[in-house]
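K.L.:
Here it is: the structure, laid out below.
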Amino acid sequence: MSGYRKQFLIVACVNIGQFIDGYSVGWSAPIIPKLQDPEQTPLPEVVTDLQIAWIGSLLYLGSIVGPYIPSYLSNIIGRKPCLLFGGVLNLLAIILIVTTRNITMVYAIRIISGLGMGMVTVSNLVYVGEIASTNIRGILLTSTSIVGISGTLAAYCVAPFVSYKMTGYFALIINLVHVFGIYFIPESPVYYAIKGKEIEAKNTLRSLGRVQDLEYVFESVKGTNAGEASSWKAWIKIFTVKANRRSLLITLTLCTLQQTSGVAVVLFFATTIFQMAGSSIRPDIATIIIGSTRLIASMVAPFVVERAGRRILLLASTAFCACSLSILGTYFYLTRIKSSLISEVGWLPLLALILYFFSYEIGEVKVKVKGDLDLITRYKTQLQECFKSLRNRAAAMGLVVNEEKTKYLATPHTSMGAPVSIENVTFERCFGTMPCALVGEMFRGNARSTGSAVAMTTAWLIGFGVATGFGSMVKFLGGDVTFGMFACSCLVAFVFTLKFVPETKGKNLNEIQEILST
């Protein structure tokens, strides 16, 4: 089996865990109506409004803690055990779904699912980034987002039409495949390098078709201490290094505004929102359409957006998200004043949320290549074939390759033997994934793990508060004011991006650090 094929197979196995994470995110939306129905609930009595709020938001509580576990353990016991641990936590949550008897068990499902989600997501990104070849790394990393969205859509499509218990059995089969598959994947070569195990690292890289990267892998971990990421030194670096301080400000602010835009509310309570709005479209069908829109937007939108820098795309995304949430707030206002227009615009909530998620997921991919122009001209045919292959792989991940922005074009794995190589593949994404992408590329060295955990944990803590308080906000403020506040968060994100977020188009990690240090 070729190295590329093996990498894709390994990532496909790892991404099953991401599918389960997405399923956990979407599970509450169609399940809450079942728990409110005396005929369908497995509980002794139907849930209250307060219990509904906790069911939606407790996923965040586990997610707050989850990322710190692999952050601490991945350099000590390895990446693979962290992946396996996350999969086992998801398995435990699914078993609780099948055996649910009381509301406490439902709460436990959400907390444990959050723990598993935090572990799996962070472990996936670290592991995939370390086993993937340079010229397909970005594509493989982006696939985790697509698969996660597919899992949420699966929850929306399956759960409304089967019993509560069957939603657990569906996920159980998939998760068993994930845990079984993780057992057979190799450990990360970077972990072996950190531990100084050159033979094991070389064997793993050879099986991945990357044996020529052995020196680079050991160079990349030079000076790394397996325990430093969890030590006080890593925390000090976040605040003492100017680039890290700016990185923390930017990523923390964007991740926070992303959560206060109400994305968790829409994902966790989509069906409930349509019930509240009195939309003319069936709530369960509308929820499926929303899930499909997220998936289609993440895969198709890149082919219709203008080829611009990350900053421009983020500005456009936040502006359109603000508009869509304002439309939804306007609909709730018309409902509040009992306008006669309501009967004619029952489709408006669905349109607003379709626009919201389409704006939330757009993006594209570009390639930066290092090499000699004479050699590129000489091997034009081979290079065109290389780009065709890369374009096809990008399309499979829902991205479009931007050839016009590529100054040099080549691949390190063709028969031409030319000293020309792809330096990096970067992705221009928007409000849905840009904050996470910035988290991954802005922090320096060993501060990256700690800085990422701080930014993501704070954001998820705020998301937990927003999701928990959503029911009370609607009850006391009304849907119009609530979604108006979410729209204002998007506007603040627009202004913040305009003033403080640097353009990272065409910049490698070192160049980004130089910008942040000035």
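Here, A, B, ... name the chains of the structure tokens in the order displayed, residue numbers run from 1 inside each chain, and ligands are numbered from 1 in the same displayed order.
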Using only C-alpha atoms, determine which residues lie at most 10 Å from Val158 of chain A, disregarding the query and same-chain residues fewer than 6 positions distant; provide the list as a list in words.

P.N.:
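Residues meeting the cut-off are Trp27, Pro30, Met166, Thr167, Phe170 and Ile288 of chain A.
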
K.L.:
To one decimal in Å, tell me the separation between atom CA of Ser324 of chain A and atom CA of Ile146 of chain A.

P.N.:
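These atoms are spaced 22.4 Å apart.
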
K.L.:
Using only C-alpha atoms, which residues sit within 12 Å of Gln18 of chain A once same-chain residues fewer than 2 positions away are excluded, as a PyMOL selection string?

P.N.:
chain A and resi 11-16+20-25+83+86-87+90+113+116-125+141-152+174-175+178

K.L.:
One number please: atom CA of Val217 of chain A to atom CA of Tyr192 of chain A, in Å, one decimal.

P.N.:
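Separating atom CA of Val217 of chain A from atom CA of Tyr192 of chain A is a distance of 9.6 Å.
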
K.L.:
Using only C-alpha atoms, which residues sit within 9 Å of segment 474-488 of chain A once same-chain residues fewer than 4 positions away are excluded, as number ranges by chain?

P.N.:
A: 260-263, 276-277, 321-336, 469-470, 492-493

K.L.:
Quick check, in Å to one decimal: how far apart do atom CA of Pro38 of chain A and atom CA of Leu350 of chain A lie?

P.N.:
27.8 Å

K.L.:
Rank nothing, just name the residue among A:Ile354, A:Ile109, A:Arg245, A:Leu89 nearest to Ala270 of chain A, using only C-alpha atoms.

P.N.:
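Using only C-alpha atoms, Ala270 of chain A sits closest to A:Ile354.
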
K.L.:
List the neighbours of Leu61 of chain A out to 7 Å using only C-alpha atoms; skip same-chain residues closer than 4 positions along the sequence, and give me the result as a PyMOL selection string.

P.N.:
chain A and resi 111+114+464

K.L.:
Compile the contact shell of Lys165 of chain A as an MDAnalysis selection string: residues with an atom at most 8 Å away, counting only C-alpha atoms, same-chain residues fewer than 5 positions apart removed.

P.N.:
chainID A and resid 97:99

K.L.:
Tell me which protein, DNA and RNA residues are within 10 Å of Ile281 of chain A, counting only C-alpha atoms, leaving out same-chain ones fewer than 3 positions away, and put them as a list in words.

P.N.:
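So the residues in contact are Phe274, Gln275, Gly278, Asp284, Ile285, Ala286, Thr287, Gly346, Trp347, Leu348, Pro349 and Leu350 of chain A.
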
K.L.:
With N, CA, C and O atoms kept, could you save the residues just selected as a compact mmCIF listing (two decimals), in the first residue's frame?

P.N.:
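Resulting contents of result-v9.txt:
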```txt
# COMPACT_ATOMS: atom_id res chain seq x y z
N PHE A 274 -37.40 26.16 15.96
CA PHE A 274 -38.46 26.15 14.94
C PHE A 274 -39.83 25.96 15.57
O PHE A 274 -40.83 26.51 15.09
N GLN A 275 -39.90 25.20 16.66
CA GLN A 275 -41.17 25.07 17.38
C GLN A 275 -41.58 26.40 17.99
O GLN A 275 -42.75 26.80 17.91
N GLY A 278 -42.91 28.88 15.43
CA GLY A 278 -44.17 28.57 14.76
C GLY A 278 -44.01 28.56 13.26
O GLY A 278 -44.93 28.94 12.52
N ASP A 284 -38.70 19.09 12.59
CA ASP A 284 -37.70 18.05 12.35
C ASP A 284 -37.15 18.12 10.93
O ASP A 284 -35.95 17.92 10.70
N ILE A 285 -38.02 18.44 9.97
CA ILE A 285 -37.57 18.58 8.58
C ILE A 285 -36.68 19.81 8.44
O ILE A 285 -35.64 19.77 7.76
N ALA A 286 -37.08 20.91 9.08
CA ALA A 286 -36.28 22.13 9.02
C ALA A 286 -34.89 21.90 9.61
O ALA A 286 -33.89 22.41 9.09
N THR A 287 -34.83 21.11 10.70
CA THR A 287 -33.54 20.81 11.33
C THR A 287 -32.64 20.02 10.38
O THR A 287 -31.43 20.27 10.29
N GLY A 346 -43.73 32.30 6.95
CA GLY A 346 -43.44 31.19 7.85
C GLY A 346 -42.14 30.48 7.50
O GLY A 346 -41.58 29.76 8.33
N TRP A 347 -41.66 30.74 6.30
CA TRP A 347 -40.41 30.12 5.84
C TRP A 347 -39.18 30.94 6.25
O TRP A 347 -38.04 30.50 6.07
N LEU A 348 -39.41 32.14 6.80
CA LEU A 348 -38.29 33.05 7.08
C LEU A 348 -37.26 32.50 8.07
O LEU A 348 -36.05 32.67 7.86
N PRO A 349 -37.67 31.83 9.18
CA PRO A 349 -36.66 31.28 10.10
C PRO A 349 -35.71 30.30 9.41
O PRO A 349 -34.50 30.31 9.66
N LEU A 350 -36.26 29.46 8.55
CA LEU A 350 -35.42 28.50 7.84
C LEU A 350 -34.45 29.21 6.91
O LEU A 350 -33.26 28.88 6.87
```
